[in-house]
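Containing JSON, C-alpha atoms: query_20.json.
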```json
[["chain", "number", "residue", "atom", "x", "y", "z"],
["I", 173, "MET", "CA", 74.69, 22.71, 27.89],
["I", 174, "LYS", "CA", 74.23, 21.38, 31.39],
["I", 175, "PHE", "CA", 74.49, 23.68, 34.37],
["I", 176, "MET", "CA", 74.24, 22.98, 38.07],
["I", 177, "LEU", "CA", 72.47, 25.58, 40.18],
["I", 178, "ILE", "CA", 73.71, 25.14, 43.75],
["I", 179, "TRP", "CA", 71.74, 26.67, 46.61],
["I", 180, "ARG", "CA", 73.95, 28.17, 49.30],
["I", 181, "VAL", "CA", 73.12, 29.76, 52.64],
["I", 182, "THR", "CA", 75.91, 32.25, 53.34],
["I", 183, "SER", "CA", 75.14, 33.61, 56.79],
["I", 184, "ASP", "CA", 74.23, 32.24, 60.19],
["I", 185, "GLU", "CA", 71.23, 34.59, 60.28],
["I", 186, "ALA", "CA", 69.85, 33.25, 57.00],
["I", 187, "TRP", "CA", 70.52, 29.71, 58.18],
["I", 188, "GLY", "CA", 68.55, 30.41, 61.37],
["I", 189, "ASN", "CA", 65.69, 31.91, 59.37],
["I", 190, "LEU", "CA", 65.22, 28.67, 57.46],
["I", 191, "GLY", "CA", 63.62, 27.15, 60.55],
["I", 192, "GLU", "CA", 60.97, 29.87, 60.56],
["I", 193, "ILE", "CA", 59.74, 29.08, 57.04],
["I", 194, "ASP", "CA", 56.44, 27.19, 56.91],
["I", 195, "PHE", "CA", 57.38, 23.80, 55.45],
["I", 196, "ASP", "CA", 54.15, 23.38, 53.45],
["I", 197, "GLN", "CA", 54.57, 26.86, 51.97],
["I", 198, "MET", "CA", 58.18, 26.10, 51.08],
["I", 199, "LEU", "CA", 57.13, 22.88, 49.35],
["I", 200, "GLU", "CA", 54.52, 24.75, 47.34],
["I", 201, "THR", "CA", 56.95, 27.50, 46.34],
["I", 202, "VAL", "CA", 59.68, 25.07, 45.34],
["I", 203, "GLY", "CA", 57.12, 22.81, 43.67],
["I", 204, "ARG", "CA", 55.86, 25.66, 41.50],
["I", 205, "PHE", "CA", 59.43, 26.47, 40.44],
["I", 206, "ASN", "CA", 60.08, 22.78, 39.69],
["I", 207, "GLU", "CA", 56.94, 22.71, 37.59],
["I", 208, "GLU", "CA", 58.17, 25.71, 35.57],
["I", 209, "LEU", "CA", 61.48, 23.96, 34.91],
["I", 210, "ILE", "CA", 59.68, 20.76, 33.87],
["I", 211, "GLU", "CA", 57.24, 22.60, 31.60],
["I", 212, "ALA", "CA", 60.15, 24.45, 29.98],
["I", 213, "GLY", "CA", 61.84, 21.10, 29.34],
["I", 214, "VAL", "CA", 65.11, 22.10, 31.01],
["I", 215, "LEU", "CA", 65.10, 20.09, 34.28],
["I", 216, "ILE", "CA", 67.41, 17.08, 34.43],
["I", 217, "ALA", "CA", 67.55, 16.60, 38.22],
["I", 218, "ALA", "CA", 66.78, 18.45, 41.44],
["I", 219, "GLU", "CA", 67.56, 17.34, 44.96],
["I", 220, "GLY", "CA", 67.60, 18.82, 48.42],
["I", 221, "LEU", "CA", 70.16, 17.58, 50.88],
["I", 222, "ALA", "CA", 69.81, 16.18, 54.39],
["I", 223, "PRO", "CA", 71.08, 18.41, 57.23],
["I", 224, "ALA", "CA", 74.84, 18.83, 57.48],
["I", 225, "GLU", "CA", 74.73, 17.17, 60.90],
["I", 226, "GLU", "CA", 74.01, 13.89, 59.10],
["I", 227, "GLY", "CA", 76.96, 14.27, 56.72],
["I", 228, "VAL", "CA", 80.66, 13.60, 56.98],
["I", 229, "VAL", "CA", 83.75, 15.19, 55.47],
["I", 230, "VAL", "CA", 86.71, 13.19, 54.17],
["I", 231, "ASP", "CA", 89.73, 15.50, 54.45],
["I", 232, "PHE", "CA", 92.75, 14.54, 52.37],
["I", 233, "SER", "CA", 95.13, 16.98, 54.06],
["I", 234, "SER", "CA", 96.86, 14.08, 55.81],
["I", 235, "GLU", "CA", 97.59, 10.42, 55.27],
["I", 236, "PRO", "CA", 95.43, 8.55, 56.00],
["I", 237, "PRO", "CA", 92.53, 10.90, 55.25],
["I", 238, "VAL", "CA", 90.60, 12.18, 58.26],
["I", 239, "VAL", "CA", 86.85, 11.58, 58.41],
["I", 240, "THR", "CA", 84.88, 14.14, 60.44],
["I", 241, "ASP", "CA", 81.19, 14.04, 61.26],
["I", 242, "GLY", "CA", 79.10, 17.13, 60.44],
["I", 243, "PRO", "CA", 78.20, 19.83, 61.07],
["I", 244, "TYR", "CA", 80.92, 21.62, 59.20],
["I", 245, "GLY", "CA", 83.04, 24.53, 60.30],
["I", 246, "GLU", "CA", 81.20, 27.48, 58.76],
["I", 247, "THR", "CA", 77.74, 28.08, 57.38],
["I", 248, "LYS", "CA", 79.23, 29.45, 54.16],
["I", 249, "GLU", "CA", 80.70, 26.01, 53.47],
["I", 250, "LEU", "CA", 77.25, 24.45, 53.20],
["I", 251, "PHE", "CA", 74.94, 23.98, 50.29],
["I", 252, "ASN", "CA", 71.41, 22.72, 50.69],
["I", 253, "GLY", "CA", 70.40, 21.43, 47.31],
["I", 254, "PHE", "CA", 70.88, 21.66, 43.60],
["I", 255, "TYR", "CA", 69.24, 21.72, 40.22],
["I", 256, "LEU", "CA", 70.78, 20.23, 37.12],
["I", 257, "ILE", "CA", 69.37, 21.93, 34.04],
["I", 258, "ASN", "CA", 70.00, 21.74, 30.31],
["I", 259, "VAL", "CA", 69.87, 25.16, 28.65],
["I", 260, "PRO", "CA", 71.62, 26.66, 25.61],
["I", 261, "THR", "CA", 73.75, 29.29, 27.39],
["I", 262, "ILE", "CA", 75.01, 30.42, 30.77],
["I", 263, "GLN", "CA", 72.75, 33.46, 30.38],
["I", 264, "ASP", "CA", 69.76, 31.11, 30.33],
["I", 265, "ALA", "CA", 71.09, 29.40, 33.47],
["I", 266, "ILE", "CA", 71.45, 32.81, 35.13],
["I", 267, "GLU", "CA", 67.85, 33.67, 34.29],
["I", 268, "TRP", "CA", 66.62, 30.43, 35.86],
["I", 269, "ALA", "CA", 68.84, 31.01, 38.91],
["I", 270, "LYS", "CA", 67.29, 34.46, 39.38],
["I", 271, "ARG", "CA", 63.89, 32.77, 39.62],
["I", 272, "THR", "CA", 64.80, 30.18, 42.27],
["I", 273, "PRO", "CA", 62.59, 30.34, 45.37],
["I", 274, "MET", "CA", 65.46, 30.81, 47.84],
["I", 275, "THR", "CA", 65.94, 34.54, 47.34],
["I", 276, "ALA", "CA", 66.23, 36.09, 50.81],
["I", 277, "ALA", "CA", 69.31, 37.94, 52.06],
["I", 278, "GLY", "CA", 72.03, 35.45, 52.93],
["I", 279, "PHE", "CA", 71.12, 33.04, 50.13],
["I", 280, "LYS", "CA", 73.12, 32.55, 46.96],
["I", 281, "THR", "CA", 72.81, 30.32, 43.94],
["I", 282, "GLU", "CA", 76.12, 29.25, 42.42],
["I", 283, "ILE", "CA", 76.09, 28.27, 38.75],
["I", 284, "ARG", "CA", 78.58, 25.74, 37.42],
["I", 285, "ARG", "CA", 78.72, 24.32, 33.91],
["I", 286, "VAL", "CA", 78.84, 20.52, 33.75],
["I", 287, "PRO", "CA", 81.27, 19.47, 31.01],
["I", 288, "THR", "CA", 80.19, 16.71, 28.63],
["I", 289, "ILE", "CA", 82.15, 13.55, 28.06],
["I", 290, "ASP", "CA", 82.91, 14.85, 24.55],
["I", 291, "GLU", "CA", 85.19, 17.49, 26.08],
["I", 292, "PHE", "CA", 87.63, 14.86, 27.36],
["I", 293, "PRO", "CA", 90.30, 13.03, 25.31],
["I", 294, "GLN", "CA", 88.34, 10.39, 23.40],
["I", 295, "ASP", "CA", 91.38, 8.12, 22.99],
["I", 296, "ASN", "CA", 91.78, 7.72, 26.78],
["I", 297, "GLU", "CA", 90.90, 4.20, 27.95],
["I", 298, "TRP", "CA", 88.92, 5.47, 30.96],
["I", 299, "ILE", "CA", 86.91, 7.87, 28.84],
["I", 300, "LYS", "CA", 86.17, 5.01, 26.43],
["I", 301, "LYS", "CA", 84.94, 2.87, 29.35],
["I", 302, "GLU", "CA", 82.80, 5.69, 30.71],
["I", 303, "ARG", "CA", 81.34, 6.38, 27.26],
["I", 304, "ALA", "CA", 80.46, 2.68, 26.88],
["I", 305, "TRP", "CA", 78.79, 2.69, 30.31],
["I", 306, "ARG", "CA", 76.84, 5.87, 29.50],
["I", 307, "GLU", "CA", 75.72, 4.38, 26.17],
["I", 308, "SER", "CA", 74.66, 1.12, 27.86],
["I", 309, "THR", "CA", 72.57, 3.00, 30.43],
["I", 310, "GLY", "CA", 70.94, 5.31, 27.89],
["I", 311, "GLN", "CA", 72.78, 8.42, 29.06],
["I", 312, "LEU", "CA", 74.25, 9.06, 25.60]]
```

For this file, write the structure as structure tokens.
Amino acid sequence: MKFMLIWRVTSDEAWGNLGEIDFDQMLETVGRFNEELIEAGVLIAAEGLAPAEEGVVVDFSSEPPVVTDGPYGETKELFNGFYLINVPTIQDAIEWAKRTPMTAAGFKTEIRRVPTIDEFPQDNEWIKKERAWRESTGQL
């Protein structure tokens, strides 16, 4: 099963502390964790995200939708990166999440299962098209 581990910073204090972390040390710590995931054969993808100030939000609360430049309203709305892993159970995903390098107070890792295409109605024309695309690109 695929799971996404989403890194969240949940307090302004923790967000501020990120700037105090030695960048080279952070790269080494994260790199070692990435290496563990790779060696275990569970890593599918891992990406950090650019600062929220560089992002935008498309809000569909009105018509037409409103586009707002970052940063966003509250720190707790932000996430900084993710891992996509393939493990047998959610318990395995939890164990990997417990080992992520971002473990200080004010940090959380959210775990979300990523459904497979097989879980959707296979007679739906859009699912058929997506399945064909995934097969043509080697994703299935």

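In this structure, atom CA of I:Ala304 sits 11.1 Å away from atom CA of I:Ile289.
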
Using all atoms listed in the file, which residues sit within 9 Å of I:Val229 once same-chain residues fewer than 3 positions away are excluded, as a compact mmCIF listing (two decimals) with C-alpha atoms, in the frame of the given file?
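The file below, result_9.txt, is the result:
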```txt
# COMPACT_ATOMS: atom_id res chain seq x y z
CA VAL I 238 90.60 12.18 58.26
CA VAL I 239 86.85 11.58 58.41
CA THR I 240 84.88 14.14 60.44
CA ASP I 241 81.19 14.04 61.26
CA GLY I 242 79.10 17.13 60.44
CA TYR I 244 80.92 21.62 59.20
```

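Using all atoms listed in the file, the protein and nucleic acid residues lying at most 12 Å from the point (73.6, 31.4, 30.0) are I:Met173, I:Lys174, I:Phe175, I:Met176, I:Leu177, I:Ile257, I:Asn258, I:Val259, I:Pro260, I:Thr261, I:Ile262, I:Gln263, I:Asp264, I:Ala265, I:Ile266, I:Glu267, I:Trp268, I:Ala269, I:Lys270, I:Ile283, I:Arg284, I:Arg285.
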
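Picture a line from atom CA of I:Ile178 to atom CA of I:Val230; it runs 20.5 Å.
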
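Of note, atom CA of I:Glu297 and atom CA of I:Phe232 are spaced 26.6 Å apart.
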
*asked:* So, with only C-alpha atoms as the atoms that count, which of I:Ile216, I:Val228, I:Leu221, I:Leu199 lies closest to I:Leu256?
replied: I:Ile216

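Between I:Glu302 and the residues I:Glu219, I:Asp194, I:Asp290, I:Glu226, the shortest atom-to-atom distance, using all atoms listed in the file, involves I:Asp290.
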
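In terms of minimum interatomic distance to I:Val214, I:Tyr255 ranks closest within I:Leu250, I:Glu282, I:Glu200, I:Tyr255, counting all atoms listed in the file.
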
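In this comparison, which uses only C-alpha atoms, the residue of I:Phe205, I:Phe195, I:Phe254, I:Trp298 approaching I:Ala218 most closely is I:Phe254.
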